[in-house]
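Enquirer: model-v8.pdb is reproduced in full below (PDB, C-alpha atoms).
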ATOM      1  CA  MET Q   1      -2.158   2.887  20.041
ATOM      2  CA  GLU Q   2       0.682   0.919  21.680
ATOM      3  CA  LEU Q   3       0.192  -2.500  23.230
ATOM      4  CA  ARG Q   4       2.291  -5.033  25.078
ATOM      5  CA  LEU Q   5       1.712  -8.753  25.233
ATOM      6  CA  THR Q   6       0.577 -10.049  28.577
ATOM      7  CA  PRO Q   7       2.485 -13.115  29.978
ATOM      8  CA  ARG Q   8      -0.499 -15.304  29.030
ATOM      9  CA  ALA Q   9      -0.260 -14.051  25.479
ATOM     10  CA  ARG Q  10       3.387 -15.008  25.078
ATOM     11  CA  GLY Q  11       4.143 -18.210  23.236
ATOM     12  CA  PRO Q  12       7.206 -20.449  23.180
ATOM     13  CA  LYS Q  13       8.664 -18.472  20.277
ATOM     14  CA  LYS Q  14       7.431 -14.931  20.685
ATOM     15  CA  MET Q  15       6.222 -12.965  17.738
ATOM     16  CA  LYS Q  16       7.985  -9.653  18.115
ATOM     17  CA  MET Q  17       5.609  -6.907  19.154
ATOM     18  CA  GLU Q  18       7.558  -4.581  16.874
ATOM     19  CA  LEU Q  19       6.312  -6.672  13.962
ATOM     20  CA  ILE Q  20       2.732  -6.671  15.188
ATOM     21  CA  GLN Q  21       2.421  -3.039  16.217
ATOM     22  CA  PRO Q  22       2.256  -1.728  12.605
ATOM     23  CA  PHE Q  23      -0.721  -4.037  11.929
ATOM     24  CA  ILE Q  24      -2.510  -2.750  15.033
ATOM     25  CA  ASN Q  25      -1.796   0.861  14.108
ATOM     26  CA  ALA Q  26      -2.907   0.295  10.507
ATOM     27  CA  ALA Q  27      -6.144  -1.441  11.516
ATOM     28  CA  ASP Q  28      -6.866   1.322  14.020
ATOM     29  CA  ALA Q  29      -6.265   4.057  11.416
ATOM     30  CA  VAL Q  30      -8.133   2.395   8.526
ATOM     31  CA  LEU Q  31     -11.142   1.458  10.656
ATOM     32  CA  ALA Q  32     -11.288   4.863  12.330
ATOM     33  CA  GLN Q  33     -11.162   6.654   8.976
ATOM     34  CA  GLY Q  34     -13.676   4.385   7.285
ATOM     35  CA  LEU Q  35     -16.127   4.416  10.177
ATOM     36  CA  GLN Q  36     -15.461   8.028  11.151
ATOM     37  CA  SER Q  37     -15.278   6.838  14.737
ATOM     38  CA  PRO Q  38     -12.449   5.861  17.118
ATOM     39  CA  THR Q  39     -11.634   2.190  17.817
ATOM     40  CA  SER Q  40      -9.997   0.433  20.751
ATOM     41  CA  VAL Q  41      -8.335  -2.933  21.342
ATOM     42  CA  ALA Q  42     -10.677  -4.987  23.513
ATOM     43  CA  ASN Q  43      -8.598  -8.132  23.701
ATOM     44  CA  LEU Q  44      -5.299  -9.568  22.535
ATOM     45  CA  SER Q  45      -4.366 -13.231  22.842
ATOM     46  CA  MET Q  46      -2.242 -15.998  21.377
ATOM     47  CA  GLU Q  47      -4.171 -18.561  19.394
ATOM     48  CA  GLN Q  48      -3.571 -22.033  20.733
ATOM     49  CA  GLU Q  49      -6.075 -23.958  18.632
ATOM     50  CA  ALA Q  50      -6.773 -24.153  14.925
ATOM     51  CA  TYR Q  51      -8.205 -20.989  13.441
ATOM     52  CA  ARG Q  52     -11.999 -20.960  13.535
ATOM     53  CA  ARG Q  53     -13.797 -18.490  11.300
ATOM     54  CA  LYS Q  54     -16.279 -16.154  13.004
ATOM     55  CA  GLY Q  55     -18.141 -14.921   9.956
ATOM     56  CA  VAL Q  56     -16.964 -13.010   6.885
ATOM     57  CA  ALA Q  57     -13.186 -13.392   6.710
ATOM     58  CA  ALA Q  58     -10.558 -12.122   4.285
ATOM     59  CA  LEU Q  59      -7.118 -13.697   4.194
ATOM     60  CA  ILE Q  60      -3.921 -12.141   2.863
ATOM     61  CA  TRP Q  61      -0.598 -13.927   2.454
ATOM     62  CA  VAL Q  62       2.645 -12.021   2.747
ATOM     63  CA  THR Q  63       5.978 -13.327   1.514
ATOM     64  CA  GLY Q  64       9.442 -11.908   1.860
ATOM     65  CA  ASP Q  65      11.586 -11.267   4.930
ATOM     66  CA  ILE Q  66       8.574 -12.140   7.065
ATOM     67  CA  GLU Q  67       6.156 -14.782   5.829
ATOM     68  CA  GLY Q  68       2.697 -15.742   6.921
ATOM     69  CA  ARG Q  69      -0.927 -14.791   6.759
ATOM     70  CA  ILE Q  70      -3.273 -12.223   8.197
ATOM     71  CA  VAL Q  71      -7.016 -12.742   8.500
ATOM     72  CA  ILE Q  72      -9.608 -10.051   9.133
ATOM     73  CA  ASP Q  73     -12.757 -11.619  10.463
ATOM     74  CA  LEU Q  74     -16.165 -10.182  11.395
ATOM     75  CA  ASP Q  75     -19.432 -11.829  12.348
ATOM     76  CA  PRO Q  76     -21.990 -11.549   9.501
ATOM     77  CA  ASP Q  77     -24.062  -8.756  11.074
ATOM     78  CA  THR Q  78     -20.991  -6.673  11.827
ATOM     79  CA  ALA Q  79     -19.723  -7.222   8.270
ATOM     80  CA  VAL Q  80     -22.994  -5.870   6.867
ATOM     81  CA  ARG Q  81     -22.862  -2.834   9.163
ATOM     82  CA  LEU Q  82     -19.226  -2.168   8.232
ATOM     83  CA  ALA Q  83     -19.841  -2.511   4.489
ATOM     84  CA  SER Q  84     -22.920  -0.280   4.706
ATOM     85  CA  ARG Q  85     -20.919   2.403   6.507
ATOM     86  CA  PHE Q  86     -18.067   2.187   4.009
ATOM     87  CA  ALA Q  87     -20.443   2.177   1.014
ATOM     88  CA  GLY Q  88     -22.596   4.986   2.383
ATOM     89  CA  ALA Q  89     -25.771   2.942   1.825
ATOM     90  CA  GLU Q  90     -27.601   0.087   3.545
ATOM     91  CA  LEU Q  91     -26.537  -3.241   2.058
ATOM     92  CA  PRO Q  92     -28.304  -6.597   2.437
ATOM     93  CA  GLU Q  93     -26.344  -9.464   4.016
ATOM     94  CA  SER Q  94     -26.405 -11.371   0.735
ATOM     95  CA  ASP Q  95     -24.722  -8.552  -1.163
ATOM     96  CA  GLU Q  96     -21.392  -9.498  -2.715
ATOM     97  CA  LEU Q  97     -20.205  -6.023  -1.783
ATOM     98  CA  VAL Q  98     -20.174  -7.027   1.892
ATOM     99  CA  ARG Q  99     -17.494  -9.661   1.246
ATOM    100  CA  GLU Q 100     -15.692  -7.332  -1.164
ATOM    101  CA  THR Q 101     -15.552  -4.635   1.503
ATOM    102  CA  VAL Q 102     -14.021  -6.984   4.068
ATOM    103  CA  CYS Q 103     -11.399  -8.022   1.491
ATOM    104  CA  GLU Q 104     -10.598  -4.398   0.693
ATOM    105  CA  LEU Q 105     -10.427  -3.577   4.405
ATOM    106  CA  ALA Q 106      -7.857  -6.364   4.800
ATOM    107  CA  ASN Q 107      -5.968  -5.104   1.786
ATOM    108  CA  GLN Q 108      -5.747  -1.582   3.203
ATOM    109  CA  VAL Q 109      -4.784  -2.664   6.710
ATOM    110  CA  ILE Q 110      -2.052  -5.027   5.534
ATOM    111  CA  GLY Q 111      -0.833  -2.599   2.869
ATOM    112  CA  ASN Q 112      -0.438   0.203   5.385
ATOM    113  CA  ALA Q 113       1.280  -2.080   7.906
ATOM    114  CA  VAL Q 114       3.674  -3.421   5.298
ATOM    115  CA  THR Q 115       4.489   0.139   4.259
ATOM    116  CA  SER Q 116       5.466   0.898   7.830
ATOM    117  CA  LEU Q 117       7.505  -2.318   8.189
ATOM    118  CA  ASN Q 118       9.256  -1.624   4.901
ATOM    119  CA  ASP Q 119      10.462   1.656   6.352
ATOM    120  CA  GLN Q 120      12.067  -0.460   9.123
ATOM    121  CA  GLY Q 121      13.984  -2.481   6.519
ATOM    122  CA  PHE Q 122      11.691  -5.473   5.978
ATOM    123  CA  HIS Q 123      10.789  -6.343   2.425
ATOM    124  CA  PHE Q 124       7.478  -8.001   1.610
ATOM    125  CA  ARG Q 125       5.266  -8.991  -1.202
ATOM    126  CA  VAL Q 126       1.550  -8.663  -0.420
ATOM    127  CA  HIS Q 127      -0.726 -11.040  -2.274
ATOM    128  CA  PRO Q 128      -4.290 -10.096  -3.248
ATOM    129  CA  PRO Q 129      -6.885 -10.791  -0.541
ATOM    130  CA  VAL Q 130      -8.979 -13.930  -0.789
ATOM    131  CA  LEU Q 131     -12.234 -14.697   0.942
ATOM    132  CA  HIS Q 132     -11.646 -17.324   3.614
ATOM    133  CA  THR Q 133     -14.623 -19.630   3.327
ATOM    134  CA  SER Q 134     -13.676 -22.759   5.260
ATOM    135  CA  GLU Q 135     -14.742 -22.991   8.889
ATOM    136  CA  HIS Q 136     -11.260 -23.842  10.124
ATOM    137  CA  GLY Q 137      -7.729 -22.813   9.248
ATOM    138  CA  PRO Q 138      -4.322 -24.289   9.965
ATOM    139  CA  LYS Q 139      -3.297 -24.518  13.591
ATOM    140  CA  SER Q 140      -0.539 -22.162  14.635
ATOM    141  CA  SER Q 141       2.778 -23.963  14.977
ATOM    142  CA  GLU Q 142       6.006 -23.324  16.824
ATOM    143  CA  ASP Q 143       7.410 -21.136  14.067
ATOM    144  CA  THR Q 144       4.071 -19.681  12.903
ATOM    145  CA  GLU Q 145       2.251 -18.628  16.015
ATOM    146  CA  ALA Q 146      -0.954 -16.649  15.692
ATOM    147  CA  LEU Q 147      -1.976 -13.550  17.566
ATOM    148  CA  VAL Q 148      -5.630 -12.546  17.704
ATOM    149  CA  ILE Q 149      -6.507  -8.904  18.255
ATOM    150  CA  CYS Q 150     -10.094  -7.862  18.831
ATOM    151  CA  PHE Q 151     -10.936  -4.268  17.886
ATOM    152  CA  GLU Q 152     -13.997  -2.735  19.461
ATOM    153  CA  THR Q 153     -15.682  -0.387  17.011
ATOM    154  CA  CYS Q 154     -18.980   1.485  16.779
ATOM    155  CA  ILE Q 155     -20.385  -1.246  14.486
ATOM    156  CA  GLY Q 156     -19.140  -4.275  16.459
ATOM    157  CA  ASN Q 157     -15.965  -6.300  16.945
ATOM    158  CA  VAL Q 158     -13.373  -6.731  14.207
ATOM    159  CA  PHE Q 159     -10.838  -9.541  14.641
ATOM    160  CA  LEU Q 160      -7.316  -9.429  13.280
ATOM    161  CA  ASN Q 161      -5.609 -12.834  13.271
ATOM    162  CA  ILE Q 162      -1.879 -12.620  12.521
ATOM    163  CA  ALA Q 163       0.467 -15.578  11.988
ATOM    164  CA  LEU Q 164       3.918 -14.506  10.835
ATOM    165  CA  ARG Q 165       7.411 -15.925  10.985
ATOM    166  CA  HIS Q 166      10.877 -14.844   9.942
ATOM    167  CA  ALA Q 167      11.678 -16.312   6.544
ATOM    168  CA  CYS Q 168      15.424 -15.877   7.093
ATOM    169  CA  SER Q 169      17.848 -14.601   9.684
ATOM    170  CA  PRO Q 170      17.453 -10.881   9.996
ATOM    171  CA  ASN Q 171      20.416  -8.753   8.990
ATOM    172  CA  PRO Q 172      22.019  -6.528  11.631
ATOM    173  CA  GLU Q 173      20.169  -3.467  10.441
ATOM    174  CA  ARG Q 174      16.810  -5.192  10.763
ATOM    175  CA  ALA Q 175      17.818  -6.833  14.000
ATOM    176  CA  ALA Q 176      18.491  -3.414  15.452
ATOM    177  CA  ALA Q 177      15.107  -2.225  14.210
ATOM    178  CA  VAL Q 178      13.187  -5.000  15.954
ATOM    179  CA  GLY Q 179      15.410  -5.398  18.973
ATOM    180  CA  HIS Q 180      16.910  -8.874  18.352
TER     181      HIS Q 180
ATOM    182  CA  MET G   1     -19.562  12.958   0.526
ATOM    183  CA  GLU G   2     -18.063  16.405   0.022
ATOM    184  CA  GLN G   3     -18.694  18.065  -3.343
ATOM    185  CA  PHE G   4     -15.729  19.628  -5.147
ATOM    186  CA  VAL G   5     -15.386  22.279  -7.808
ATOM    187  CA  ALA G   6     -15.712  20.280 -11.038
ATOM    188  CA  VAL G   7     -12.502  19.577 -12.948
ATOM    189  CA  LYS G   8     -13.193  19.724 -16.696
ATOM    190  CA  ARG G   9     -11.056  19.216 -19.769
ATOM    191  CA  SER G  10      -9.668  22.569 -20.928
ATOM    192  CA  LYS G  11      -9.928  21.744 -24.629
ATOM    193  CA  ASP G  12     -13.693  21.162 -24.740
ATOM    194  CA  GLY G  13     -15.082  21.784 -21.246
ATOM    195  CA  GLN G  14     -16.230  18.152 -21.005
ATOM    196  CA  PRO G  15     -15.903  16.063 -17.830
ATOM    197  CA  VAL G  16     -12.541  14.359 -17.275
ATOM    198  CA  ARG G  17     -12.877  10.690 -18.292
ATOM    199  CA  TYR G  18     -11.428   8.063 -15.961
ATOM    200  CA  LEU G  19     -10.466   4.422 -16.255
ATOM    201  CA  VAL G  20     -10.630   2.826 -12.804
ATOM    202  CA  VAL G  21      -8.480  -0.287 -12.355
ATOM    203  CA  ASP G  22      -8.751  -2.317  -9.164
ATOM    204  CA  ASP G  23      -9.474  -5.984  -8.467
ATOM    205  CA  SER G  24     -11.816  -4.930  -5.667
ATOM    206  CA  VAL G  25     -15.349  -4.028  -6.759
ATOM    207  CA  PHE G  26     -15.711  -2.111  -3.511
ATOM    208  CA  ALA G  27     -12.600  -0.015  -4.256
ATOM    209  CA  ARG G  28     -13.817   0.711  -7.799
ATOM    210  CA  LYS G  29     -17.226   1.823  -6.517
ATOM    211  CA  ASN G  30     -15.589   3.972  -3.877
ATOM    212  CA  LEU G  31     -13.352   5.690  -6.441
ATOM    213  CA  ALA G  32     -16.318   6.114  -8.806
ATOM    214  CA  ARG G  33     -18.226   7.942  -6.068
ATOM    215  CA  MET G  34     -15.264  10.294  -5.565
ATOM    216  CA  ILE G  35     -14.934  10.873  -9.321
ATOM    217  CA  GLU G  36     -18.578  11.896  -9.394
ATOM    218  CA  THR G  37     -17.959  14.520  -6.718
ATOM    219  CA  PHE G  38     -15.043  15.837  -8.826
ATOM    220  CA  GLY G  39     -17.429  16.329 -11.773
ATOM    221  CA  GLY G  40     -15.710  13.522 -13.699
ATOM    222  CA  GLN G  41     -17.018  10.553 -15.642
ATOM    223  CA  VAL G  42     -16.052   6.887 -15.260
ATOM    224  CA  ALA G  43     -15.408   5.816 -18.856
ATOM    225  CA  GLY G  44     -14.592   2.253 -17.885
ATOM    226  CA  GLU G  45     -13.401  -0.172 -15.239
ATOM    227  CA  ALA G  46     -10.950  -3.068 -15.159
ATOM    228  CA  GLY G  47     -10.158  -5.686 -12.533
ATOM    229  CA  ASP G  48      -6.578  -6.552 -13.503
ATOM    230  CA  GLY G  49      -3.588  -5.177 -15.392
ATOM    231  CA  MET G  50      -4.230  -7.103 -18.613
ATOM    232  CA  SER G  51      -7.767  -5.762 -18.909
ATOM    233  CA  ALA G  52      -6.494  -2.274 -18.075
ATOM    234  CA  ILE G  53      -4.258  -2.286 -21.148
ATOM    235  CA  THR G  54      -7.121  -3.398 -23.396
ATOM    236  CA  GLU G  55      -9.517  -0.885 -21.881
ATOM    237  CA  TYR G  56      -7.036   1.964 -22.182
ATOM    238  CA  GLN G  57      -6.576   1.182 -25.872
ATOM    239  CA  ARG G  58     -10.344   1.128 -26.386
ATOM    240  CA  LEU G  59     -11.384   4.121 -24.272
ATOM    241  CA  LYS G  60      -8.373   6.500 -24.316
ATOM    242  CA  PRO G  61      -9.343   7.995 -20.928
ATOM    243  CA  ASP G  62      -7.895  11.246 -19.623
ATOM    244  CA  ILE G  63      -6.764   9.628 -16.371
ATOM    245  CA  VAL G  64      -6.193   6.070 -15.175
ATOM    246  CA  LEU G  65      -6.516   5.291 -11.472
ATOM    247  CA  MET G  66      -4.536   2.063 -11.076
ATOM    248  CA  ASP G  67      -4.215  -0.285  -8.119
ATOM    249  CA  ILE G  68      -0.885  -2.115  -7.708
ATOM    250  CA  THR G  69      -1.622  -5.494  -6.149
ATOM    251  CA  MET G  70      -3.842  -7.317  -8.618
ATOM    252  CA  PRO G  71      -4.116 -10.824 -10.063
ATOM    253  CA  GLN G  72      -2.725 -11.754 -13.495
ATOM    254  CA  MET G  73      -0.750  -8.561 -14.041
ATOM    255  CA  GLU G  74       0.130  -6.049 -11.352
ATOM    256  CA  GLY G  75      -0.521  -2.346 -11.734
ATOM    257  CA  ILE G  76       3.048  -1.135 -12.148
ATOM    258  CA  GLU G  77       3.684  -3.518 -15.046
ATOM    259  CA  ALA G  78       0.381  -2.562 -16.662
ATOM    260  CA  ALA G  79       1.220   1.142 -16.264
ATOM    261  CA  GLU G  80       4.582   0.605 -17.933
ATOM    262  CA  LYS G  81       3.015  -1.195 -20.886
ATOM    263  CA  ILE G  82       0.357   1.493 -21.342
ATOM    264  CA  VAL G  83       2.911   4.322 -21.208
ATOM    265  CA  GLN G  84       5.194   2.518 -23.679
ATOM    266  CA  GLN G  85       2.373   2.567 -26.210
ATOM    267  CA  HIS G  86       0.821   5.869 -25.111
ATOM    268  CA  PRO G  87       3.434   8.205 -23.621
ATOM    269  CA  GLU G  88       0.741  10.810 -23.025
ATOM    270  CA  ALA G  89      -1.151   8.486 -20.619
ATOM    271  CA  ARG G  90      -1.809  10.001 -17.209
ATOM    272  CA  ILE G  91      -1.673   7.167 -14.702
ATOM    273  CA  VAL G  92      -2.142   7.662 -10.974
ATOM    274  CA  MET G  93      -1.283   4.650  -8.826
ATOM    275  CA  VAL G  94      -3.733   4.074  -5.965
ATOM    276  CA  SER G  95      -2.513   1.477  -3.501
ATOM    277  CA  SER G  96      -2.456   0.637   0.174
ATOM    278  CA  VAL G  97       1.209  -0.390  -0.191
ATOM    279  CA  GLY G  98       2.925   2.990  -0.162
ATOM    280  CA  TYR G  99       6.563   2.377   0.666
ATOM    281  CA  GLN G 100       9.230   4.324  -1.107
ATOM    282  CA  GLU G 101      10.531   1.565  -3.416
ATOM    283  CA  ASN G 102       7.008   0.962  -4.697
ATOM    284  CA  ILE G 103       6.398   4.639  -5.353
ATOM    285  CA  VAL G 104       9.774   5.099  -7.055
ATOM    286  CA  ALA G 105       9.236   1.980  -9.194
ATOM    287  CA  ALA G 106       5.800   3.208 -10.267
ATOM    288  CA  LEU G 107       7.062   6.685 -11.149
ATOM    289  CA  GLN G 108      10.118   5.321 -12.995
ATOM    290  CA  ARG G 109       7.887   3.084 -15.074
ATOM    291  CA  GLY G 110       5.561   5.835 -16.197
ATOM    292  CA  ALA G 111       3.039   6.660 -13.468
ATOM    293  CA  ARG G 112       2.487  10.363 -12.892
ATOM    294  CA  HIS G 113       1.537  10.227  -9.221
ATOM    295  CA  PHE G 114       0.794   7.970  -6.249
ATOM    296  CA  VAL G 115      -2.074   8.046  -3.735
ATOM    297  CA  GLN G 116      -2.145   5.761  -0.712
ATOM    298  CA  LYS G 117      -5.287   3.922   0.398
ATOM    299  CA  PRO G 118      -7.496   4.557   2.244
ATOM    300  CA  VAL G 119      -8.017   7.351  -0.261
ATOM    301  CA  LYS G 120      -8.921  10.744   1.107
ATOM    302  CA  PRO G 121     -11.124  12.533  -1.477
ATOM    303  CA  GLU G 122      -9.416  15.878  -0.917
ATOM    304  CA  VAL G 123      -5.992  14.318  -1.570
ATOM    305  CA  LEU G 124      -7.100  12.570  -4.758
ATOM    306  CA  TYR G 125      -8.787  15.757  -5.953
ATOM    307  CA  GLU G 126      -5.564  17.756  -5.628
ATOM    308  CA  VAL G 127      -3.616  14.992  -7.389
ATOM    309  CA  ILE G 128      -6.127  14.985 -10.274
ATOM    310  CA  LYS G 129      -5.787  18.751 -10.692
ATOM    311  CA  TYR G 130      -1.986  18.447 -10.597
ATOM    312  CA  VAL G 131      -1.847  15.572 -13.084
ATOM    313  CA  MET G 132      -4.267  17.246 -15.515
ATOM    314  CA  GLY G 133      -2.172  20.419 -15.355
ATOM    315  CA  GLU G 134      -3.078  22.854 -18.118
ATOM    316  CA  ASP G 135      -5.287  20.222 -19.750
ATOM    317  CA  GLY G 136      -7.781  20.564 -16.905
ATOM    318  CA  THR G 137      -9.662  23.474 -15.364
ATOM    319  CA  ALA G 138     -11.525  23.631 -12.098
ATOM    320  CA  ALA G 139     -14.783  25.508 -12.641
ATOM    321  CA  HIS G 140     -18.026  25.680 -10.691
ATOM    322  CA  ALA G 141     -20.773  23.635 -12.308
ATOM    323  CA  ALA G 142     -24.485  24.088 -11.762
ATOM    324  CA  GLY G 143     -25.446  22.414  -8.506
ATOM    325  CA  ALA G 144     -21.844  21.789  -7.445
ATOM    326  CA  GLY G 145     -20.239  23.823  -4.711
ATOM    327  CA  SER G 146     -17.066  23.330  -2.690
TER     328      SER G 146
END
Would you mind writing the structure in this file as structure tokens?
Expert:
Amino acid sequence: MELRLTPRARGPKKMKMELIQPFINAADAVLAQGLQSPTSVANLSMEQEAYRRKGVAALIWVTGDIEGRIVIDLDPDTAVRLASRFAGAELPESDELVRETVCELANQVIGNAVTSLNDQGFHFRVHPPVLHTSEHGPKSSEDTEALVICFETCIGNVFLNIALRHACSPNPERAAAVGH
Amino acid sequence: MEQFVAVKRSKDGQPVRYLVVDDSVFARKNLARMIETFGGQVAGEAGDGMSAITEYQRLKPDIVLMDITMPQMEGIEAAEKIVQQHPEARIVMVSSVGYQENIVAALQRGARHFVQKPVKPEVLYEVIKYVMGEDGTAAHAAGAGS
């Protein structure tokens, strides 16, 4: 699954698509395996306003050569359907396992993406996922722009919200890898 | 979920006993379901590296399935501490972060194998058989077919 940013989606300081692509691939693979059904990207856009939670959201911070946060966000009904599919049993909306499943989904997507980026020469530390409970998040800034990717799946839409920035100047090897 | 030929302990024919260590309840439940299809038994669970050390000491499981990214103490450090005290410990790291440095670090510090999340049951099953080696046997159990 390879995507390119549309002109509307480009910000003043572009997040390199080479950094984002592993997250898209990882989300596609993890969701497809867990749901036993293919997924597709329905929409991809730059976030101009402060992050606004859609439902059940898990947030993971990454630190290292690239720093920032990734949020996986699903509306409550979709979260229940996803968790029920992953658990192999119908779960009620109130079940703690629904939130746990979204956190673990985030963990797997980010872990797989970071594995791929590490092979390109980037070094990260992935922090444990936390449930994002506040309605709003920090607004994307000039050096931490956010990209929102909407995945269409058989159980509903899954949103991946990525805000990353270079923590330091990339070395020549990395620069070659991401086309600086 | 697919049913596998049960892996039993060679010495007494009893189910292989597992300690499942992951900060995610969902991940622990998921692994427990797979263990059941392997004919194994979950002896205990832990949600962080510190608890894993305590639980290993208490339960002496045949196999530990250990996540890496966890609060308080990460899995690789916990694995190292367990193996220092119990060189016979069979620890399989189970993590979504599967880059080479992580795998090498885990193996150098005492883990026997590495499985990347999302875990495929057939992959974990083969790893369990490999890690148990001669201490485990795969034998058909009543009601279990491959």
Enquirer: Using only C-alpha atoms, pick whichever of Q:Val114, Q:Cys154, Q:Asp28, Q:Gly68 has the shortest atom-to-atom distance to Arg85 in chain Q.
Expert: Q:Cys154
Enquirer: If you apply the PyMOL selection byres ((chain G and resi 56) around 12) to this file, what residues do you get, as a ChimeraX atom specification?
Expert: /G:17-21,43-46,49-55,57-66,78-79,81-83,85-86,88-91
Enquirer: So which residues are close to (-5.0, 6.4, 0.1), meaning at most 7 Å away in the file's coordinates with only C-alpha atoms counted, and can you show them as a ChimeraX atom specification?
Expert: /G:94-96,115-120
Enquirer: Could you tell me how far CA of Leu44 in chain Q lies from CA of Thr115 in chain Q, in Å and to one decimal?
Expert: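 So the two atoms, CA of Leu44 in chain Q and CA of Thr115 in chain Q, lie 22.9 Å apart.
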Enquirer: The PyMOL selection byres ((chain G and resi 134) around 12) - which residues does that actually catch in the file I just gave you? List them as a VMD selection string.
Expert: chain G and resid 7 to 11 128 to 133 135 to 138
Enquirer: How would the residues just chosen look if you wrote them out with C-alpha atoms as a compact mmCIF listing (two decimals), in the frame of the given file?
Expert:
# COMPACT_ATOMS: atom_id res chain seq x y z
CA VAL G 7 -12.50 19.58 -12.95
CA LYS G 8 -13.19 19.72 -16.70
CA ARG G 9 -11.06 19.22 -19.77
CA SER G 10 -9.67 22.57 -20.93
CA LYS G 11 -9.93 21.74 -24.63
CA ILE G 128 -6.13 14.98 -10.27
CA LYS G 129 -5.79 18.75 -10.69
CA TYR G 130 -1.99 18.45 -10.60
CA VAL G 131 -1.85 15.57 -13.08
CA MET G 132 -4.27 17.25 -15.52
CA GLY G 133 -2.17 20.42 -15.36
CA ASP G 135 -5.29 20.22 -19.75
CA GLY G 136 -7.78 20.56 -16.90
CA THR G 137 -9.66 23.47 -15.36
CA ALA G 138 -11.52 23.63 -12.10
Enquirer: Run through the PyMOL selection byres ((chain G) within 7 of (chain Q)) on the given coordinates and return the selected residues as JSON, numbers by chain.
Expert: {"G": [24, 25, 26, 27, 69, 70, 71, 96, 97, 98, 99, 117, 118]}
Enquirer: Given only C-alpha atoms as the basis, pick out the residue of Q:Ala26, Q:Leu74, Q:Val41, Q:Leu35 nearest to Ile149 in chain Q.
Expert: Q:Val41
